[in-house]
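This report concerns only the one structure given below.
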Amino acid sequence: MTSGRNNLYSILDAPEPQAIRPLFGFSNQQLALLSQEFSLPPYRARQLTQALYRDWAGTLEAITTLPQAVREQLRAAGYDIGRPRIAETFRSVDGTERYLIATADGQTVETVWMPEGDDGESGDGSQAGDEEAQGHHDATICVSSQIGCAVNCQFCLTAKLGIIRNLTPGEIAGQVVAVLDRHKVRIGRDRINLVFMGMGEPFLNYDAFMDAVRLLVNEVGIAESRMTVSTSGIVPGIERFAEEPVRPKLAISLNASNDIVREQVMPITRKWDIAAVMDAIRKVPLRTRERVTFEYVLLGDVNDQPEHANEVIRLVRRCGLPAKVNLIAWNPGPGIPYTMPSPNDVERFQQALVGAGIPAFLRRPRGRDIYAACGQLKRTVEA
């Protein structure tokens, strides 16, 4: 009889199972190259593209347009759909849903579904913004670009995770398709907005983020004008973004009216101060009627006083671009040493900006009770 010790050694010495090679994340051009590799006719790439990004097939077996022999050939080479899946769902009293999305390596990342958005697009010059102004609140998906975050904003729960790893293009776009599939959204008929404002800093995972955007635009069929990306102010990323022919709308996570306060709440200011960020965004060619969005998290007695509002007014005016300000009352989280601003301070801040001719909107908090609101994403497993 083989000893337990020998059994242990045989288990440890056994080769690891072959990792899945995900098809989800391949562009049509990449699928065409894959088809050539397998000596398949060009139309097989189009069938794969349709199955992955329009039919949202979950398994190779579901792609019935491919012959069984082709599916077996792909599977034998280690390929599978490999789309991220929803592992856990948390539902808020306001209808917001927060998902833990499982990746192939056993990690999880967070994605949020807001059935009526949070008014973040109001006044940004896009069709989505016009619809909000008319009282139509479109569903919005908040998408993550990294597991964790390296930027270390002091008011954000995600910062407590640190950076675990970047997401791949398929993992970024896959969050969107997983949620669309769950809610049976019909592309081209149902209005949907995407905000890349979840876990992570998109411009610190720039190539994968932009590849995901192109997948969502070219293959899934969501217009880039219905997407917004928020950056903490990664200047090289903003400069690259300015040269993109296809790009989402731009939002800058400002959160302070001067460098002294901003460095306290956003240490990345030590690398790129507000002036450097403003210089970079002036290089971004805006579409007709488009406005740059400045996101401003109001922290009680830190950056929410009249003098701060006056400094924001001067900053936006000096920017020299069509702009709007989204105000966000800080969403509390355990272990974060800030307080929520008073409703009076929030209203006074907003009215100061509006009175100076600067469009200013209050983003509605969505899903606070399930840690789904802005700044609360940290892979919490409790509702």
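Simple scheme: letters A, B, ... for chains in structure tokens order, numbers from 1 for residues in each chain, numbers from 1 for ligands in the order shown.
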* Using only C-alpha atoms, which residues sit within 10 Å of A:Arg98 once same-chain residues fewer than 4 positions away are excluded, as a count of residues only? -> 22
If we count only C-alpha atoms, what is near A:Arg191 at a cut-off of 8 Å, once residues fewer than 4 positions away on the same chain are taken out, given as a tab-separated table (two decimals) with N, CA, C and O atoms, in the first residue's frame?
chain	number	residue	atom	x	y	z
A	138	ASP	N	-31.10	57.14	-16.98
A	138	ASP	CA	-30.67	55.90	-17.61
A	138	ASP	C	-29.90	55.03	-16.62
A	138	ASP	O	-29.23	55.54	-15.71
A	139	ALA	N	-29.95	53.73	-16.84
A	139	ALA	CA	-29.16	52.82	-16.02
A	139	ALA	C	-27.67	53.06	-16.27
A	139	ALA	O	-27.25	53.38	-17.38
A	187	ILE	N	-28.83	46.15	-26.40
A	187	ILE	CA	-27.98	47.17	-26.97
A	187	ILE	C	-28.66	47.75	-28.21
A	187	ILE	O	-29.14	47.02	-29.08
* Would you kindly return, as a ChimeraX atom specification, each protein, DNA or RNA residue with an atom no farther than 6 Å from any atom of stretch 327-329 of chain A, considering only C-alpha atoms and excluding same-chain residues fewer than 5 positions away? => /A:296-298,361-363
* Would you mind listing what lies within 12 Å of A:Arg186 as a PyMOL selection string, with only C-alpha atoms counted and same-chain residues fewer than 2 positions away left out? => chain A and resi 54-56+177+179-184+188-192+220-222
* Asked: If we count only C-alpha atoms, what is near stretch 253-256 of chain A at a cut-off of 8 Å, once residues fewer than 4 positions away on the same chain are taken out, given as an NGL selection string?
  -> :A and (230-233 or 261-262 or 265 or 294-298 or 303 or 308 or 312)
Would you mind exporting the chosen residues as a tab-separated table (two decimals), in the first residue's frame, restricted to all heavy atoms?
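File written: out_9.tsv
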chain	number	residue	atom	x	y	z
A	230	SER	N	-12.89	58.46	-15.14
A	230	SER	CA	-12.41	59.38	-14.11
A	230	SER	C	-10.97	59.05	-13.77
A	230	SER	O	-10.62	57.89	-13.55
A	230	SER	CB	-13.28	59.27	-12.85
A	230	SER	OG	-12.80	60.13	-11.83
A	231	THR	N	-10.12	60.07	-13.74
A	231	THR	CA	-8.73	59.90	-13.36
A	231	THR	C	-8.40	60.84	-12.21
A	231	THR	O	-8.94	61.94	-12.11
A	231	THR	CB	-7.78	60.16	-14.54
A	231	THR	OG1	-6.41	60.07	-14.07
A	231	THR	CG2	-7.97	61.54	-15.15
A	232	SER	N	-7.49	60.39	-11.36
A	232	SER	CA	-7.03	61.21	-10.24
A	232	SER	C	-6.07	62.28	-10.69
A	232	SER	O	-5.65	63.12	-9.88
A	232	SER	CB	-6.37	60.32	-9.18
A	232	SER	OG	-5.28	59.62	-9.74
A	233	GLY	N	-5.70	62.25	-11.97
A	233	GLY	CA	-4.80	63.27	-12.49
A	233	GLY	C	-3.46	62.70	-12.91
A	233	GLY	O	-2.40	63.27	-12.60
A	261	VAL	N	-4.37	71.33	0.38
A	261	VAL	CA	-5.44	70.43	0.81
A	261	VAL	C	-5.44	69.17	-0.04
A	261	VAL	O	-5.61	68.05	0.47
A	261	VAL	CB	-6.81	71.13	0.74
A	261	VAL	CG1	-7.94	70.16	1.09
A	261	VAL	CG2	-6.85	72.33	1.68
A	262	ARG	N	-5.21	69.33	-1.33
A	262	ARG	CA	-5.27	68.15	-2.22
A	262	ARG	C	-4.16	67.15	-1.88
A	262	ARG	O	-4.38	65.94	-1.93
A	262	ARG	CB	-5.16	68.58	-3.69
A	262	ARG	CG	-5.55	67.47	-4.66
A	262	ARG	CD	-5.65	68.00	-6.09
A	262	ARG	NE	-6.31	67.03	-6.96
A	262	ARG	CZ	-5.69	66.15	-7.73
A	262	ARG	NH1	-4.36	66.12	-7.73
A	262	ARG	NH2	-6.38	65.31	-8.49
A	265	VAL	N	-5.34	64.97	1.03
A	265	VAL	CA	-6.37	63.96	0.77
A	265	VAL	C	-6.02	63.08	-0.43
A	265	VAL	O	-6.52	61.96	-0.54
A	265	VAL	CB	-7.76	64.61	0.56
A	265	VAL	CG1	-8.17	65.38	1.80
A	265	VAL	CG2	-7.80	65.52	-0.66
A	294	PHE	N	-15.28	68.00	-13.49
A	294	PHE	CA	-14.45	67.95	-12.29
A	294	PHE	C	-15.27	67.31	-11.17
A	294	PHE	O	-16.32	67.82	-10.80
A	294	PHE	CB	-14.00	69.36	-11.88
A	294	PHE	CG	-13.01	69.97	-12.83
A	294	PHE	CD1	-13.42	70.95	-13.74
A	294	PHE	CD2	-11.69	69.58	-12.83
A	294	PHE	CE1	-12.52	71.51	-14.62
A	294	PHE	CE2	-10.77	70.13	-13.73
A	294	PHE	CZ	-11.19	71.11	-14.62
A	295	GLU	N	-14.78	66.18	-10.68
A	295	GLU	CA	-15.43	65.50	-9.57
A	295	GLU	C	-14.85	66.06	-8.27
A	295	GLU	O	-13.63	66.17	-8.12
A	295	GLU	CB	-15.18	63.99	-9.65
A	295	GLU	CG	-15.61	63.36	-10.96
A	295	GLU	CD	-17.10	63.06	-11.00
A	295	GLU	OE1	-17.76	63.22	-9.95
A	295	GLU	OE2	-17.61	62.67	-12.06
A	296	TYR	N	-15.76	66.37	-7.33
A	296	TYR	CA	-15.30	67.03	-6.09
A	296	TYR	C	-16.03	66.39	-4.91
A	296	TYR	O	-17.22	66.61	-4.70
A	296	TYR	CB	-15.61	68.52	-6.17
A	296	TYR	CG	-14.89	69.38	-5.14
A	296	TYR	CD1	-13.72	70.06	-5.47
A	296	TYR	CD2	-15.39	69.52	-3.84
A	296	TYR	CE1	-13.07	70.86	-4.55
A	296	TYR	CE2	-14.74	70.32	-2.91
A	296	TYR	CZ	-13.57	70.99	-3.27
A	296	TYR	OH	-12.92	71.77	-2.34
A	297	VAL	N	-15.30	65.55	-4.17
A	297	VAL	CA	-15.85	64.91	-2.97
A	297	VAL	C	-15.77	65.91	-1.82
A	297	VAL	O	-14.69	66.40	-1.46
A	297	VAL	CB	-15.08	63.63	-2.61
A	297	VAL	CG1	-15.59	63.04	-1.30
A	297	VAL	CG2	-15.20	62.60	-3.73
A	298	LEU	N	-16.93	66.24	-1.26
A	298	LEU	CA	-16.99	67.21	-0.16
A	298	LEU	C	-16.76	66.50	1.17
A	298	LEU	O	-17.49	65.57	1.54
A	298	LEU	CB	-18.35	67.90	-0.16
A	298	LEU	CG	-18.61	68.85	-1.34
A	298	LEU	CD1	-20.10	69.09	-1.53
A	298	LEU	CD2	-17.87	70.16	-1.14
A	303	ASN	N	-12.79	70.63	2.91
A	303	ASN	CA	-12.73	71.27	1.60
A	303	ASN	C	-14.10	71.80	1.16
A	303	ASN	O	-14.33	71.98	-0.03
A	303	ASN	CB	-12.22	70.27	0.54
A	303	ASN	CG	-13.16	69.08	0.36
A	303	ASN	OD1	-14.15	68.93	1.08
A	303	ASN	ND2	-12.85	68.23	-0.61
A	308	HIS	N	-13.17	77.60	-0.12
A	308	HIS	CA	-12.83	76.52	-1.05
A	308	HIS	C	-13.66	76.64	-2.32
A	308	HIS	O	-13.15	76.43	-3.44
A	308	HIS	CB	-13.06	75.16	-0.39
A	308	HIS	CG	-12.26	74.96	0.85
A	308	HIS	ND1	-12.83	74.63	2.07
A	308	HIS	CD2	-10.93	75.07	1.09
A	308	HIS	CE1	-11.88	74.52	2.99
A	308	HIS	NE2	-10.72	74.78	2.41
A	312	VAL	N	-12.32	76.99	-6.17
A	312	VAL	CA	-12.75	76.11	-7.27
A	312	VAL	C	-13.23	76.96	-8.45
A	312	VAL	O	-12.93	76.66	-9.61
A	312	VAL	CB	-13.85	75.14	-6.80
A	312	VAL	CG1	-14.48	74.42	-7.99
A	312	VAL	CG2	-13.28	74.11	-5.82
* Which residues in stretch 166-239 of chain A does DSSP call alpha helix (DSSP H)? List them as a PyMOL selection string. -> chain A and resi 169-182+206-214+235-239
Export N, CA, C and O atoms of the chosen residues as an mmCIF file, in the first residue's frame?
data_model
loop_
_atom_site.group_PDB
_atom_site.id
_atom_site.type_symbol
_atom_site.label_atom_id
_atom_site.label_comp_id
_atom_site.auth_asym_id
_atom_site.auth_seq_id
_atom_site.Cartn_x
_atom_site.Cartn_y
_atom_site.Cartn_z
ATOM 1 N N PRO A 169 -8.026 43.583 -20.592
ATOM 2 C CA PRO A 169 -9.154 44.154 -21.344
ATOM 3 C C PRO A 169 -10.421 43.311 -21.238
ATOM 4 O O PRO A 169 -11.530 43.842 -21.087
ATOM 5 N N GLY A 170 -10.265 41.980 -21.301
ATOM 6 C CA GLY A 170 -11.432 41.113 -21.190
ATOM 7 C C GLY A 170 -12.078 41.172 -19.827
ATOM 8 O O GLY A 170 -13.303 41.052 -19.701
ATOM 9 N N GLU A 171 -11.271 41.362 -18.781
ATOM 10 C CA GLU A 171 -11.835 41.457 -17.429
ATOM 11 C C GLU A 171 -12.560 42.779 -17.220
ATOM 12 O O GLU A 171 -13.535 42.847 -16.476
ATOM 13 N N ILE A 172 -12.083 43.836 -17.867
ATOM 14 C CA ILE A 172 -12.751 45.138 -17.752
ATOM 15 C C ILE A 172 -14.059 45.122 -18.536
ATOM 16 O O ILE A 172 -15.136 45.402 -18.007
ATOM 17 N N ALA A 173 -13.975 44.768 -19.831
ATOM 18 C CA ALA A 173 -15.185 44.716 -20.652
ATOM 19 C C ALA A 173 -16.128 43.611 -20.176
ATOM 20 O O ALA A 173 -17.352 43.734 -20.295
ATOM 21 N N GLY A 174 -15.567 42.539 -19.624
ATOM 22 C CA GLY A 174 -16.381 41.427 -19.168
ATOM 23 C C GLY A 174 -17.298 41.788 -18.014
ATOM 24 O O GLY A 174 -18.391 41.219 -17.871
ATOM 25 N N GLN A 175 -16.866 42.723 -17.163
ATOM 26 C CA GLN A 175 -17.763 43.196 -16.101
ATOM 27 C C GLN A 175 -19.036 43.763 -16.703
ATOM 28 O O GLN A 175 -20.147 43.489 -16.236
ATOM 29 N N VAL A 176 -18.847 44.573 -17.742
ATOM 30 C CA VAL A 176 -19.984 45.236 -18.382
ATOM 31 C C VAL A 176 -20.939 44.204 -18.971
ATOM 32 O O VAL A 176 -22.145 44.233 -18.722
ATOM 33 N N VAL A 177 -20.400 43.256 -19.741
ATOM 34 C CA VAL A 177 -21.253 42.268 -20.405
ATOM 35 C C VAL A 177 -21.936 41.357 -19.388
ATOM 36 O O VAL A 177 -23.111 40.993 -19.550
ATOM 37 N N ALA A 178 -21.243 41.004 -18.298
ATOM 38 C CA ALA A 178 -21.870 40.181 -17.270
ATOM 39 C C ALA A 178 -23.094 40.874 -16.684
ATOM 40 O O ALA A 178 -24.143 40.254 -16.458
ATOM 41 N N VAL A 179 -22.987 42.186 -16.456
ATOM 42 C CA VAL A 179 -24.111 42.941 -15.880
ATOM 43 C C VAL A 179 -25.208 43.162 -16.923
ATOM 44 O O VAL A 179 -26.398 43.042 -16.623
ATOM 45 N N LEU A 180 -24.812 43.481 -18.154
ATOM 46 C CA LEU A 180 -25.806 43.625 -19.219
ATOM 47 C C LEU A 180 -26.607 42.345 -19.391
ATOM 48 O O LEU A 180 -27.836 42.366 -19.545
ATOM 49 N N ASP A 181 -25.915 41.221 -19.359
ATOM 50 C CA ASP A 181 -26.568 39.925 -19.522
ATOM 51 C C ASP A 181 -27.521 39.657 -18.360
ATOM 52 O O ASP A 181 -28.646 39.180 -18.560
ATOM 53 N N ARG A 182 -27.085 39.973 -17.156
ATOM 54 C CA ARG A 182 -27.934 39.753 -15.984
ATOM 55 C C ARG A 182 -29.251 40.518 -16.099
ATOM 56 O O ARG A 182 -30.318 40.005 -15.732
ATOM 57 N N TYR A 206 -3.457 51.889 -18.488
ATOM 58 C CA TYR A 206 -3.963 52.619 -19.646
ATOM 59 C C TYR A 206 -4.256 51.721 -20.843
ATOM 60 O O TYR A 206 -5.351 51.785 -21.428
ATOM 61 N N ASP A 207 -3.303 50.898 -21.251
ATOM 62 C CA ASP A 207 -3.478 50.121 -22.478
ATOM 63 C C ASP A 207 -4.647 49.150 -22.363
ATOM 64 O O ASP A 207 -5.462 49.032 -23.287
ATOM 65 N N ALA A 208 -4.736 48.453 -21.232
ATOM 66 C CA ALA A 208 -5.839 47.504 -21.049
ATOM 67 C C ALA A 208 -7.174 48.240 -20.986
ATOM 68 O O ALA A 208 -8.176 47.778 -21.551
ATOM 69 N N PHE A 209 -7.204 49.380 -20.320
ATOM 70 C CA PHE A 209 -8.435 50.161 -20.237
ATOM 71 C C PHE A 209 -8.899 50.588 -21.621
ATOM 72 O O PHE A 209 -10.071 50.402 -21.992
ATOM 73 N N MET A 210 -7.997 51.143 -22.432
ATOM 74 C CA MET A 210 -8.393 51.608 -23.753
ATOM 75 C C MET A 210 -8.741 50.441 -24.681
ATOM 76 O O MET A 210 -9.648 50.557 -25.518
ATOM 77 N N ASP A 211 -8.059 49.314 -24.545
ATOM 78 C CA ASP A 211 -8.448 48.133 -25.327
ATOM 79 C C ASP A 211 -9.863 47.701 -24.960
ATOM 80 O O ASP A 211 -10.648 47.299 -25.833
ATOM 81 N N ALA A 212 -10.200 47.779 -23.681
ATOM 82 C CA ALA A 212 -11.555 47.436 -23.244
ATOM 83 C C ALA A 212 -12.574 48.408 -23.816
ATOM 84 O O ALA A 212 -13.673 48.006 -24.239
ATOM 85 N N VAL A 213 -12.237 49.698 -23.841
ATOM 86 C CA VAL A 213 -13.132 50.692 -24.438
ATOM 87 C C VAL A 213 -13.394 50.355 -25.892
ATOM 88 O O VAL A 213 -14.546 50.375 -26.364
ATOM 89 N N ARG A 214 -12.332 50.015 -26.629
ATOM 90 C CA ARG A 214 -12.511 49.688 -28.050
ATOM 91 C C ARG A 214 -13.365 48.432 -28.224
ATOM 92 O O ARG A 214 -14.174 48.344 -29.161
ATOM 93 N N VAL A 235 -0.988 62.618 -15.318
ATOM 94 C CA VAL A 235 -0.720 63.530 -16.429
ATOM 95 C C VAL A 235 -0.303 62.800 -17.715
ATOM 96 O O VAL A 235 -0.848 63.085 -18.796
ATOM 97 N N PRO A 236 0.632 61.838 -17.679
ATOM 98 C CA PRO A 236 0.977 61.152 -18.939
ATOM 99 C C PRO A 236 -0.223 60.432 -19.552
ATOM 100 O O PRO A 236 -0.352 60.378 -20.777
ATOM 101 N N GLY A 237 -1.096 59.888 -18.710
ATOM 102 C CA GLY A 237 -2.291 59.226 -19.212
ATOM 103 C C GLY A 237 -3.247 60.196 -19.873
ATOM 104 O O GLY A 237 -3.828 59.900 -20.925
ATOM 105 N N ILE A 238 -3.424 61.362 -19.275
ATOM 106 C CA ILE A 238 -4.304 62.377 -19.868
ATOM 107 C C ILE A 238 -3.759 62.812 -21.225
ATOM 108 O O ILE A 238 -4.507 62.987 -22.197
ATOM 109 N N GLU A 239 -2.444 62.962 -21.310
ATOM 110 C CA GLU A 239 -1.840 63.388 -22.575
ATOM 111 C C GLU A 239 -1.999 62.324 -23.664
ATOM 112 O O GLU A 239 -2.242 62.651 -24.832
#
* **Atomic distance atom CA of A:Glu307 - atom CA of A:Pro334, expressed in Å with one decimal** =>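 Separation between atom CA of A:Glu307 and atom CA of A:Pro334: 28.9 Å.
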* Among listed residues A:Val185, A:Leu161, A:Cys149, A:Cys319, nearest A:Leu204 (using only C-alpha atoms) ->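 With only C-alpha atoms as the atom set, the closest residue is A:Cys149.
You can rank A:Glu116, A:Leu315, A:Glu72, A:Gln50 by their closest distance to A:Gly95 using only C-alpha atoms, and at the top of that list sits A:Glu116.
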